[in-house]
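Structure file work-v4.tsv with TSV, C-alpha atoms and all ligand atoms:
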```
chain	number	residue	atom	x	y	z
A	1	MET	CA	0.00	0.00	0.00
A	2	SER	CA	1.18	3.54	-0.76
A	3	ASP	CA	1.93	6.12	1.91
A	4	ALA	CA	-1.10	8.19	0.90
A	5	PRO	CA	-3.56	8.83	3.75
A	6	ILE	CA	-6.08	6.03	4.27
A	7	ARG	CA	-9.48	7.28	3.12
A	8	ILE	CA	-11.83	6.27	5.89
A	9	ALA	CA	-15.61	6.40	6.34
A	10	VAL	CA	-17.23	6.55	9.78
A	11	ALA	CA	-20.52	4.66	10.13
A	12	GLY	CA	-22.91	5.17	13.08
A	13	MET	CA	-22.70	8.84	14.02
A	14	GLY	CA	-23.41	8.55	17.74
A	15	LYS	CA	-21.52	9.50	20.88
A	16	ILE	CA	-18.24	7.73	20.28
A	17	ALA	CA	-18.05	8.74	16.61
A	18	HIS	CA	-18.36	12.42	17.57
A	19	ASP	CA	-16.39	12.36	20.83
A	20	GLN	CA	-13.42	10.31	19.63
A	21	HIS	CA	-13.33	9.00	16.06
A	22	LEU	CA	-13.77	12.28	14.19
A	23	PRO	CA	-11.15	14.14	16.30
A	24	ALA	CA	-8.71	11.20	16.11
A	25	ILE	CA	-9.03	11.00	12.31
A	26	ALA	CA	-8.65	14.78	12.01
A	27	GLY	CA	-5.49	14.61	14.13
A	28	ASP	CA	-3.80	11.76	12.27
A	29	PRO	CA	-2.06	12.60	8.99
A	30	GLY	CA	-2.25	8.90	8.08
A	31	PHE	CA	-6.03	9.20	7.59
A	32	THR	CA	-8.48	11.40	5.77
A	33	LEU	CA	-12.23	11.41	6.45
A	34	ALA	CA	-13.75	10.32	3.13
A	35	ALA	CA	-17.43	9.92	4.11
A	36	THR	CA	-19.91	9.56	6.93
A	37	VAL	CA	-22.80	7.10	7.19
A	38	SER	CA	-25.82	7.74	9.38
A	39	ARG	CA	-29.51	7.00	9.29
A	40	SER	CA	-29.92	10.68	10.17
A	41	ASP	CA	-28.40	13.91	8.88
A	42	ALA	CA	-25.56	13.76	11.44
A	43	ARG	CA	-22.78	14.74	9.06
A	44	VAL	CA	-19.53	16.67	8.84
A	45	ALA	CA	-19.55	19.84	6.73
A	46	GLY	CA	-17.88	19.31	3.37
A	47	VAL	CA	-17.66	15.51	3.71
A	48	PRO	CA	-19.86	13.21	1.55
A	49	HIS	CA	-22.70	11.76	3.61
A	50	TYR	CA	-24.76	8.58	3.04
A	51	ARG	CA	-27.87	7.18	4.68
A	52	SER	CA	-26.56	3.60	4.49
A	53	LEU	CA	-23.27	1.81	4.09
A	54	GLN	CA	-24.64	0.09	1.00
A	55	ALA	CA	-25.32	3.48	-0.61
A	56	LEU	CA	-21.75	4.57	0.13
A	57	LEU	CA	-20.20	1.39	-1.24
A	58	ASP	CA	-22.41	1.53	-4.34
A	59	ASP	CA	-21.26	5.07	-5.16
A	60	ASP	CA	-18.29	4.91	-7.50
A	61	GLY	CA	-17.86	8.65	-7.07
A	62	VAL	CA	-16.27	8.44	-3.63
A	63	ALA	CA	-13.12	6.45	-2.88
A	64	VAL	CA	-13.03	4.75	0.50
A	65	ASP	CA	-10.28	2.39	1.68
A	66	ALA	CA	-11.56	1.67	5.19
A	67	VAL	CA	-14.64	1.90	7.39
A	68	ALA	CA	-14.81	2.57	11.15
A	69	LEU	CA	-17.93	0.96	12.58
A	70	CYS	CA	-19.30	2.93	15.53
A	71	THR	CA	-22.75	1.33	15.69
A	72	PRO	CA	-23.97	-0.78	18.60
A	73	PRO	CA	-22.54	-4.32	18.55
A	74	GLN	CA	-25.84	-5.99	17.63
A	75	VAL	CA	-25.79	-4.59	14.09
A	76	ARG	CA	-22.05	-4.54	13.49
A	77	TYR	CA	-21.64	-7.91	11.77
A	78	ASP	CA	-23.73	-7.05	8.70
A	79	PHE	CA	-21.95	-3.74	8.20
A	80	ALA	CA	-18.53	-5.34	8.66
A	81	ALA	CA	-19.24	-8.31	6.39
A	82	MET	CA	-20.50	-5.95	3.67
A	83	ALA	CA	-17.44	-3.69	3.88
A	84	LEU	CA	-14.99	-6.60	3.93
A	85	ALA	CA	-16.70	-8.27	0.97
A	86	ARG	CA	-16.26	-5.01	-0.94
A	87	GLY	CA	-12.53	-5.01	-0.16
A	88	ARG	CA	-12.52	-2.35	2.57
A	89	HIS	CA	-10.43	-2.51	5.74
A	90	VAL	CA	-12.60	-2.49	8.87
A	91	PHE	CA	-12.08	-0.91	12.29
A	92	LEU	CA	-14.54	-2.40	14.80
A	93	GLU	CA	-15.49	-0.43	17.91
A	94	LYS	CA	-15.49	-2.52	21.07
A	95	PRO	CA	-16.93	-5.06	21.68
A	96	PRO	CA	-16.12	-6.45	18.22
A	97	GLY	CA	-19.50	-8.14	17.87
A	98	ALA	CA	-22.55	-9.49	19.63
A	99	THR	CA	-21.24	-13.08	19.55
A	100	LEU	CA	-17.86	-14.77	19.36
A	101	ALA	CA	-18.85	-16.84	16.34
A	102	GLU	CA	-19.73	-13.79	14.26
A	103	VAL	CA	-16.34	-12.22	15.02
A	104	ALA	CA	-14.62	-15.46	13.96
A	105	ALA	CA	-16.65	-15.31	10.74
A	106	LEU	CA	-15.47	-11.74	10.15
A	107	GLU	CA	-11.85	-12.80	10.59
A	108	ARG	CA	-12.40	-15.38	7.88
A	109	HIS	CA	-14.06	-12.81	5.59
A	110	ALA	CA	-11.12	-10.42	6.09
A	111	ALA	CA	-8.57	-13.13	5.33
A	112	ASP	CA	-10.50	-14.19	2.22
A	113	ALA	CA	-10.71	-10.58	1.01
A	114	GLY	CA	-7.07	-9.85	1.84
A	115	VAL	CA	-7.94	-6.79	3.94
A	116	THR	CA	-7.38	-5.67	7.53
A	117	LEU	CA	-9.80	-6.35	10.38
A	118	PHE	CA	-9.06	-4.54	13.64
A	119	ALA	CA	-10.97	-5.35	16.82
A	120	SER	CA	-10.21	-2.23	18.82
A	121	TRP	CA	-9.94	-2.06	22.62
A	122	HIS	CA	-9.50	1.61	23.44
A	123	SER	CA	-8.71	1.09	27.14
A	124	ARG	CA	-5.58	-0.84	26.21
A	125	PHE	CA	-4.20	2.44	24.87
A	126	ALA	CA	-4.63	4.26	28.20
A	127	ALA	CA	-1.31	5.71	29.35
A	128	GLY	CA	-0.66	3.38	32.27
A	129	VAL	CA	-1.43	0.07	30.59
A	130	GLU	CA	1.84	-0.77	28.83
A	131	PRO	CA	3.99	0.40	31.79
A	132	ALA	CA	1.80	-1.75	34.09
A	133	ARG	CA	2.23	-4.74	31.80
A	134	ALA	CA	6.00	-4.29	31.83
A	135	TRP	CA	6.11	-3.85	35.63
A	136	LEU	CA	3.98	-6.96	36.23
A	137	ALA	CA	5.74	-9.20	33.74
A	138	ASP	CA	8.21	-10.72	36.23
A	139	ARG	CA	6.18	-10.46	39.44
A	140	ARG	CA	4.36	-13.10	41.41
A	141	ILE	CA	0.68	-12.15	41.26
A	142	ASP	CA	-1.02	-12.76	44.61
A	143	ARG	CA	-4.44	-11.16	44.16
A	144	VAL	CA	-6.26	-8.83	41.76
A	145	SER	CA	-9.21	-6.59	42.42
A	146	VAL	CA	-11.11	-4.85	39.61
A	147	VAL	CA	-13.62	-2.20	40.65
A	148	TRP	CA	-15.59	-0.58	37.81
A	149	ARG	CA	-18.43	1.43	39.30
A	150	GLU	CA	-20.11	4.20	37.33
A	151	ASP	CA	-23.43	5.99	36.97
A	152	VAL	CA	-25.21	4.64	33.90
A	153	ARG	CA	-27.41	7.73	33.72
A	154	VAL	CA	-24.34	9.92	33.27
A	155	TRP	CA	-22.44	7.75	30.79
A	156	HIS	CA	-25.17	6.04	28.75
A	157	PRO	CA	-28.21	8.33	28.75
A	158	GLY	CA	-31.00	7.10	26.48
A	159	GLN	CA	-28.95	4.26	24.94
A	160	ALA	CA	-31.74	1.68	24.63
A	161	TRP	CA	-29.52	-0.79	22.72
A	162	ILE	CA	-27.22	-1.23	25.70
A	163	TRP	CA	-30.04	-2.89	27.67
A	164	GLU	CA	-31.09	-5.19	24.83
A	165	PRO	CA	-29.71	-8.72	24.27
A	166	GLY	CA	-26.19	-8.31	22.89
A	167	GLY	CA	-25.86	-4.83	24.38
A	168	LEU	CA	-23.98	-6.27	27.38
A	169	GLY	CA	-25.45	-3.93	30.05
A	170	VAL	CA	-22.83	-3.22	32.70
A	171	PHE	CA	-20.33	-5.32	30.73
A	172	ASP	CA	-20.23	-2.56	28.10
A	173	PRO	CA	-17.84	-0.65	30.41
A	174	GLY	CA	-16.80	-3.84	32.22
A	175	ILE	CA	-15.28	-5.26	29.06
A	176	ASN	CA	-12.92	-2.26	29.03
A	177	ALA	CA	-11.56	-3.42	32.39
A	178	LEU	CA	-11.22	-6.94	31.03
A	179	SER	CA	-9.41	-5.64	27.96
A	180	ILE	CA	-6.83	-4.09	30.32
A	181	ALA	CA	-6.62	-7.09	32.65
A	182	THR	CA	-6.07	-9.51	29.75
A	183	ARG	CA	-3.27	-7.24	28.54
A	184	ILE	CA	-1.39	-6.55	31.79
A	185	LEU	CA	-1.66	-9.80	33.72
A	186	PRO	CA	1.11	-12.26	32.88
A	187	ARG	CA	-1.07	-15.39	32.89
A	188	PRO	CA	-4.47	-16.31	31.40
A	189	PHE	CA	-7.43	-16.30	33.77
A	190	PHE	CA	-10.91	-17.77	33.70
A	191	LEU	CA	-14.25	-17.47	35.45
A	192	GLN	CA	-15.13	-19.64	38.42
A	193	SER	CA	-18.40	-18.13	39.60
A	194	ALA	CA	-20.44	-14.97	39.15
A	195	THR	CA	-23.68	-13.24	40.00
A	196	MET	CA	-25.44	-10.82	37.66
A	197	ALA	CA	-28.10	-8.36	38.87
A	198	MET	CA	-30.82	-8.09	36.20
A	199	PRO	CA	-33.34	-5.23	36.41
A	200	ALA	CA	-36.81	-6.76	36.17
A	201	ASN	CA	-37.60	-4.70	33.04
A	202	ARG	CA	-34.29	-5.16	31.20
A	203	ALA	CA	-32.48	-7.91	29.28
A	204	ALA	CA	-28.96	-7.01	30.42
A	205	PRO	CA	-27.30	-6.76	33.86
A	206	ILE	CA	-26.95	-3.53	35.83
A	207	ALA	CA	-24.30	-5.04	38.13
A	208	ALA	CA	-22.13	-8.13	38.35
A	209	ASP	CA	-19.84	-9.75	40.86
A	210	LEU	CA	-17.26	-12.05	39.25
A	211	HIS	CA	-14.66	-14.42	40.64
A	212	PHE	CA	-11.86	-15.43	38.29
A	213	ARG	CA	-8.67	-17.39	38.92
A	214	ASP	CA	-5.46	-17.30	36.96
A	215	THR	CA	-3.62	-20.42	35.87
A	216	ALA	CA	-1.32	-20.21	38.92
A	217	GLY	CA	-4.32	-19.97	41.27
A	218	ALA	CA	-4.29	-16.22	42.02
A	219	PRO	CA	-7.83	-14.90	42.66
A	220	ILE	CA	-9.14	-12.07	40.47
A	221	GLU	CA	-12.24	-10.39	41.87
A	222	MET	CA	-14.32	-8.05	39.75
A	223	ASP	CA	-17.02	-5.67	40.99
A	224	LEU	CA	-19.10	-4.02	38.26
A	225	ASP	CA	-21.92	-1.67	39.12
A	226	TRP	CA	-23.84	0.91	37.13
A	227	ARG	CA	-25.74	2.27	40.13
A	228	GLN	CA	-22.82	4.31	41.43
A	229	THR	CA	-23.50	7.94	42.22
A	230	GLY	CA	-20.85	10.34	43.52
A	231	PRO	CA	-17.22	9.40	42.86
A	232	GLN	CA	-16.80	6.92	40.02
A	233	SER	CA	-14.28	4.05	40.12
A	234	TRP	CA	-12.32	2.51	37.28
A	235	ASP	CA	-9.54	0.80	39.21
A	236	ILE	CA	-7.44	-2.35	38.89
A	237	ILE	CA	-5.33	-3.24	41.92
A	238	VAL	CA	-2.74	-6.00	41.60
A	239	GLU	CA	-1.01	-7.28	44.72
A	240	THR	CA	2.37	-8.83	43.99
A	241	ASP	CA	5.50	-10.06	45.74
A	242	ALA	CA	7.04	-6.63	45.05
A	243	GLY	CA	4.15	-4.53	46.35
A	244	THR	CA	0.93	-3.14	44.90
A	245	CYS	CA	0.37	-1.99	41.32
A	246	ARG	CA	-2.65	0.27	41.02
A	247	LEU	CA	-4.11	1.39	37.70
A	248	SER	CA	-6.78	4.00	38.19
A	249	GLY	CA	-8.87	6.35	36.08
A	250	GLY	CA	-9.56	3.57	33.56
A	251	GLY	CA	-5.84	2.90	33.04
A	252	ALA	CA	-4.68	6.54	32.89
A	253	THR	CA	-2.78	6.59	36.20
A	254	LEU	CA	-0.29	4.00	37.32
A	255	THR	CA	0.97	3.76	40.89
A	256	VAL	CA	3.67	1.28	41.83
A	257	PRO	CA	6.08	1.31	44.79
A	258	GLY	CA	8.36	4.14	43.83
A	259	GLY	CA	5.90	6.52	42.24
A	260	THR	CA	2.77	7.56	40.37
A	261	GLU	CA	2.57	8.41	36.66
A	262	ARG	CA	-0.36	9.96	34.87
A	263	GLY	CA	-0.22	10.25	31.09
A	264	GLU	CA	-2.34	12.30	28.71
A	265	ASP	CA	-5.40	10.70	27.08
A	266	ARG	CA	-4.27	9.36	23.70
A	267	GLU	CA	-6.45	6.26	23.55
A	268	TYR	CA	-8.06	6.94	20.16
A	269	ALA	CA	-4.90	8.46	18.70
A	270	GLY	CA	-3.24	5.19	19.67
A	271	LEU	CA	-6.02	3.12	18.13
A	272	TYR	CA	-5.79	4.95	14.81
A	273	ALA	CA	-2.00	4.69	14.77
A	274	ARG	CA	-2.36	0.95	15.30
A	275	PHE	CA	-5.05	0.60	12.61
A	276	GLY	CA	-2.93	2.54	10.13
A	277	ALA	CA	0.09	0.32	10.87
A	278	LEU	CA	-2.02	-2.82	10.40
A	279	VAL	CA	-3.41	-1.63	7.06
A	280	ARG	CA	0.06	-0.73	5.81
A	281	ALA	CA	1.45	-4.08	6.97
A	282	GLY	CA	-1.45	-6.04	5.43
A	283	ALA	CA	-2.23	-7.56	8.84
A	284	SER	CA	-5.25	-7.98	11.13
A	285	ASP	CA	-5.57	-7.81	14.93
A	286	VAL	CA	-8.59	-9.56	16.39
A	287	ASP	CA	-8.17	-10.43	20.05
A	288	THR	CA	-11.47	-11.72	21.42
A	289	SER	CA	-10.18	-12.62	24.89
A	290	PRO	CA	-12.16	-9.84	26.69
A	291	LEU	CA	-15.36	-10.81	24.87
A	292	ARG	CA	-14.75	-14.49	25.68
A	293	LEU	CA	-14.66	-13.71	29.41
A	294	VAL	CA	-17.91	-11.75	29.13
A	295	ALA	CA	-19.52	-14.58	27.17
A	296	ASP	CA	-18.42	-16.96	29.94
A	297	ALA	CA	-20.11	-14.72	32.49
A	298	PHE	CA	-23.36	-14.98	30.55
A	299	LEU	CA	-22.83	-18.78	30.44
A	300	ARG	CA	-21.93	-19.26	34.05
A	301	ALA	CA	-23.45	-16.52	36.23
A	302	ARG	CA	-26.35	-16.86	38.62
A	303	ARG	CA	-29.05	-14.27	37.79
A	304	GLU	CA	-30.71	-12.20	40.48
A	305	ILE	CA	-33.69	-10.05	39.56
A	306	VAL	CA	-33.45	-6.54	41.00
A	307	GLU	CA	-35.65	-3.46	40.84
A	308	PRO	CA	-36.61	-2.14	37.38
A	309	PHE	CA	-34.33	0.47	35.84
A	310	GLU	CA	-35.99	3.58	34.40
A	311	ASP	CA	-33.78	5.85	32.34
A	312	GLN	CA	-34.99	9.20	33.64
A	313	SER	CA	-32.77	11.06	31.22
A	314	ARG	CA	-35.02	10.11	28.31
B	401	LIG	P1	-24.66	5.66	20.48
B	401	LIG	O1	-24.39	7.05	20.95
B	401	LIG	O2	-25.98	5.05	20.76
B	401	LIG	O3	-24.35	5.66	18.92
B	401	LIG	C1	-24.45	4.51	18.13
B	401	LIG	C2	-24.85	4.95	16.74
B	401	LIG	O4	-24.98	3.78	15.93
B	401	LIG	C3	-26.19	5.64	16.69
B	401	LIG	O5	-26.07	7.02	16.87
B	401	LIG	C4	-26.67	5.30	15.29
B	401	LIG	O6	-26.09	6.21	14.40
B	401	LIG	C5	-26.05	3.98	15.02
B	401	LIG	N1	-27.07	2.93	15.23
B	401	LIG	C6	-27.81	2.68	16.32
B	401	LIG	N2	-28.64	1.66	16.10
B	401	LIG	C7	-28.44	1.28	14.84
B	401	LIG	C8	-29.02	0.31	14.04
B	401	LIG	N3	-29.97	-0.51	14.50
B	401	LIG	N4	-28.61	0.20	12.79
B	401	LIG	C9	-27.65	1.02	12.33
B	401	LIG	N5	-27.04	1.98	13.06
B	401	LIG	C10	-27.45	2.10	14.31
B	401	LIG	O7	-23.58	4.65	21.08
B	401	LIG	P2	-22.04	4.95	21.38
B	401	LIG	O8	-21.89	5.33	22.80
B	401	LIG	O9	-21.48	5.82	20.35
B	401	LIG	O10	-21.48	3.46	21.28
B	401	LIG	C11	-21.28	2.82	20.03
B	401	LIG	C12	-20.22	1.76	20.25
B	401	LIG	O11	-19.02	2.40	20.69
B	401	LIG	C13	-20.58	0.73	21.33
B	401	LIG	O12	-20.15	-0.54	20.96
B	401	LIG	C14	-19.80	1.21	22.55
B	401	LIG	O13	-19.46	0.15	23.43
B	401	LIG	C15	-18.57	1.80	21.90
B	401	LIG	N6	-17.93	2.82	22.73
B	401	LIG	C16	-18.64	3.82	23.32
B	401	LIG	C17	-18.00	4.72	24.15
B	401	LIG	C18	-18.71	5.88	24.82
B	401	LIG	O14	-18.09	6.57	25.63
B	401	LIG	N7	-19.96	6.16	24.50
B	401	LIG	C19	-16.65	4.58	24.40
B	401	LIG	C20	-15.94	3.60	23.74
B	401	LIG	C21	-16.59	2.70	22.93
B	401	LIG	P3	-26.93	6.86	13.24
B	401	LIG	O15	-28.20	7.33	13.85
B	401	LIG	O16	-26.00	7.92	12.80
B	401	LIG	O17	-27.17	5.82	12.18
```
Before we go any further, please render this structure as structure tokens.
Ligand code: NAP
Amino acid sequence: MSDAPIRIAVAGMGKIAHDQHLPAIAGDPGFTLAATVSRSDARVAGVPHYRSLQALLDDDGVAVDAVALCTPPQVRYDFAAMALARGRHVFLEKPPGATLAEVAALERHAADAGVTLFASWHSRFAAGVEPARAWLADRRIDRVSVVWREDVRVWHPGQAWIWEPGGLGVFDPGINALSIATRILPRPFFLQSATMAMPANRAAPIAADLHFRDTAGAPIEMDLDWRQTGPQSWDIIVETDAGTCRLSGGGATLTVPGGTERGEDREYAGLYARFGALVRAGASDVDTSPLRLVADAFLRARREIVEPFEDQSR
């Protein structure tokens, strides 16, 4: 592939497309925004706009090399399969799909088409994650605690899809924690038991309590809750033979014995740099390990029905 900027279309013009994808594309000389796709008129001035991905791909008048899919996971497979079949590289928002099997099918489609498929995990690009991984690499892991507690009304106002089957409920943010944990911990881990709190009027959990164990027997406890008001928590605490490693602020701040480091937020800049490198190398990156752990929770957890959730922001 040439060194010309990758001409990318953004499909699904919701919160993450506006908050992160458009600014990251604008800030990366390796990309140029070639088109937007939305069922509405949510567009960018001066950029070709289409009401469907099919309409974009059918238009020979606009050249697009890649598509960033920012829709909810339940509808992502059809968009991705269509783009891959038409020879476009695909950037999948997290989670990469609604099921593991559909993501495996997409990997096959990408390989058959000879294009790049990137299953993005933005939290892995938080500033403290790679330093934490390096610090933990040679340590004995004794215990891990993951606390991801946030107010769903603040972070997901009016997002009906998130409560539907495949929307993941509290695992929508929880999978970000798992994407970090699967990156920084030196050994694989798996679920032993879990409880999910299901609002009586919803199809997805509002809270979950999960007990994992790594392959050396270290316990990994995870506390997810969307009913948090006041201070929010996005913390991973790893107790080791050399002291405690604490990643807080969703991976932004790392504290280890000897000091605290807080880096600037470059998660989406990092994702686009990675996607560009993959496209130029003719490679794909599809790590489903965070989604596999969530799928296991849905397989293995005990369900408890809790009070209905009404989204008062709507
Ligand atoms: P959102 O605000 O609800 O936006 C999703 C957009 O997808 C909608 O605005 C809509 O765009 C499109 N869409 C919705 N239903 C669709 C359907 N049935 N068919 C086709 N398009 C549909 O959600 P979001 O917060 O941006 O989240 C989207 C994805 O990004 C999720 O997987 C989420 O986990 C991930 N993400 C979100 C955040 C965040 O902070 N919000 C952070 C990181 C990752 P149009 O109306 O333009 O078609």
Counting only C-alpha atoms, figure out which residue out of A:Asp112, A:Asp151, A:Glu304, A:Glu130 gets nearest to Leu247 of chain A.
A:Glu130
Just the residues within 12 Å of Pro186 of chain A, please, counting all atoms listed in the file, with nothing from its chain fewer than 5 positions along; format it as a PDB file with C-alpha atoms, keeping the file's coordinate frame.
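The resulting file, part-v9.pdb, is shown below:
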```
ATOM      1  CA  ALA A 132       1.800  -1.750  34.090  1.00  0.00           C
ATOM      2  CA  ARG A 133       2.230  -4.740  31.800  1.00  0.00           C
ATOM      3  CA  ALA A 134       6.000  -4.290  31.830  1.00  0.00           C
ATOM      4  CA  TRP A 135       6.110  -3.850  35.630  1.00  0.00           C
ATOM      5  CA  LEU A 136       3.980  -6.960  36.230  1.00  0.00           C
ATOM      6  CA  ALA A 137       5.740  -9.200  33.740  1.00  0.00           C
ATOM      7  CA  ASP A 138       8.210 -10.720  36.230  1.00  0.00           C
ATOM      8  CA  ARG A 139       6.180 -10.460  39.440  1.00  0.00           C
ATOM      9  CA  ARG A 140       4.360 -13.100  41.410  1.00  0.00           C
ATOM     10  CA  ILE A 141       0.680 -12.150  41.260  1.00  0.00           C
ATOM     11  CA  ASP A 142      -1.020 -12.760  44.610  1.00  0.00           C
ATOM     12  CA  ILE A 180      -6.830  -4.090  30.320  1.00  0.00           C
ATOM     13  CA  ALA A 181      -6.620  -7.090  32.650  1.00  0.00           C
ATOM     14  CA  ASP A 214      -5.460 -17.300  36.960  1.00  0.00           C
ATOM     15  CA  THR A 215      -3.620 -20.420  35.870  1.00  0.00           C
ATOM     16  CA  ALA A 216      -1.320 -20.210  38.920  1.00  0.00           C
ATOM     17  CA  ALA A 218      -4.290 -16.220  42.020  1.00  0.00           C
ATOM     18  CA  VAL A 238      -2.740  -6.000  41.600  1.00  0.00           C
ATOM     19  CA  THR A 240       2.370  -8.830  43.990  1.00  0.00           C
TER      20      THR A 240
END
```
Return as a count of residues only every polymer residue, whether protein, DNA or RNA, with at least one atom no more than 9 Å from an atom of ligand LIG 401 (chain B); count all atoms listed in the file.
52
Which residues, written as a list of chain:residue names, have at least one atom at most 12 Å from Ala197 of chain A, with only C-alpha atoms counted and residues fewer than 6 positions away on the same chain left out?
A:Gly169, A:Val170, A:Phe171, A:Ala203, A:Ala204, A:Pro205, A:Ile206, A:Ala207, A:Ala208, A:Asp209, A:Leu210, A:Asp223, A:Leu224, A:Asp225, A:Trp226, A:Arg227, A:Phe298, A:Ala301, A:Arg302, A:Arg303, A:Glu304, A:Ile305, A:Val306, A:Glu307, A:Pro308, A:Phe309
Prev. selection, C-alpha atoms, output as an mmCIF file, in the frame of the given file:
```cif
data_model
loop_
_atom_site.group_PDB
_atom_site.id
_atom_site.type_symbol
_atom_site.label_atom_id
_atom_site.label_comp_id
_atom_site.auth_asym_id
_atom_site.auth_seq_id
_atom_site.Cartn_x
_atom_site.Cartn_y
_atom_site.Cartn_z
ATOM 1 C CA GLY A 169 -25.450 -3.930 30.050
ATOM 2 C CA VAL A 170 -22.830 -3.220 32.700
ATOM 3 C CA PHE A 171 -20.330 -5.320 30.730
ATOM 4 C CA ALA A 203 -32.480 -7.910 29.280
ATOM 5 C CA ALA A 204 -28.960 -7.010 30.420
ATOM 6 C CA PRO A 205 -27.300 -6.760 33.860
ATOM 7 C CA ILE A 206 -26.950 -3.530 35.830
ATOM 8 C CA ALA A 207 -24.300 -5.040 38.130
ATOM 9 C CA ALA A 208 -22.130 -8.130 38.350
ATOM 10 C CA ASP A 209 -19.840 -9.750 40.860
ATOM 11 C CA LEU A 210 -17.260 -12.050 39.250
ATOM 12 C CA ASP A 223 -17.020 -5.670 40.990
ATOM 13 C CA LEU A 224 -19.100 -4.020 38.260
ATOM 14 C CA ASP A 225 -21.920 -1.670 39.120
ATOM 15 C CA TRP A 226 -23.840 0.910 37.130
ATOM 16 C CA ARG A 227 -25.740 2.270 40.130
ATOM 17 C CA PHE A 298 -23.360 -14.980 30.550
ATOM 18 C CA ALA A 301 -23.450 -16.520 36.230
ATOM 19 C CA ARG A 302 -26.350 -16.860 38.620
ATOM 20 C CA ARG A 303 -29.050 -14.270 37.790
ATOM 21 C CA GLU A 304 -30.710 -12.200 40.480
ATOM 22 C CA ILE A 305 -33.690 -10.050 39.560
ATOM 23 C CA VAL A 306 -33.450 -6.540 41.000
ATOM 24 C CA GLU A 307 -35.650 -3.460 40.840
ATOM 25 C CA PRO A 308 -36.610 -2.140 37.380
ATOM 26 C CA PHE A 309 -34.330 0.470 35.840
#
```
Surrounding residues of Asp3 of chain A excluding itself and chain neighbours under 2 positions, 10 Å, only C-alpha atoms, as a PyMOL selection string
chain A and resi 1+5-6+30+280
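Closest approach to Phe118 of chain A among A:Gly282, A:Pro257, A:Gly174, A:Gly46: A:Gly282, based on only C-alpha atoms.
Candidate residues A:Val62, A:Leu271, A:Val144, A:Ala252 were compared for distance to Met222 of chain A, and the nearest is A:Val144, using all atoms listed in the file.
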Interatomic distance (Å, one decimal) between atom CA of Val64 of chain A and atom CA of Ala35 of chain A:
7.7 Å
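Proximity of A:Leu178, A:Arg202, A:Pro188, A:Glu261 to Ala297 of chain A, computed with only C-alpha atoms, is greatest for A:Leu178.
With all atoms listed in the file as the basis for measurement, A:Leu117 is the residue among A:Val90, A:Ile8, A:Leu117, A:Thr260 that approaches Ala104 of chain A most closely.
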So that I can look at just that part, could you write segment 225-241 of chain A with C-alpha atoms, as a CSV table (one decimal), in the first residue's frame?
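New file selection24.csv:
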```csv
chain,number,residue,atom,x,y,z
A,225,ASP,CA,-21.9,-1.7,39.1
A,226,TRP,CA,-23.8,0.9,37.1
A,227,ARG,CA,-25.7,2.3,40.1
A,228,GLN,CA,-22.8,4.3,41.4
A,229,THR,CA,-23.5,7.9,42.2
A,230,GLY,CA,-20.9,10.3,43.5
A,231,PRO,CA,-17.2,9.4,42.9
A,232,GLN,CA,-16.8,6.9,40.0
A,233,SER,CA,-14.3,4.1,40.1
A,234,TRP,CA,-12.3,2.5,37.3
A,235,ASP,CA,-9.5,0.8,39.2
A,236,ILE,CA,-7.4,-2.3,38.9
A,237,ILE,CA,-5.3,-3.2,41.9
A,238,VAL,CA,-2.7,-6.0,41.6
A,239,GLU,CA,-1.0,-7.3,44.7
A,240,THR,CA,2.4,-8.8,44.0
A,241,ASP,CA,5.5,-10.1,45.7
```
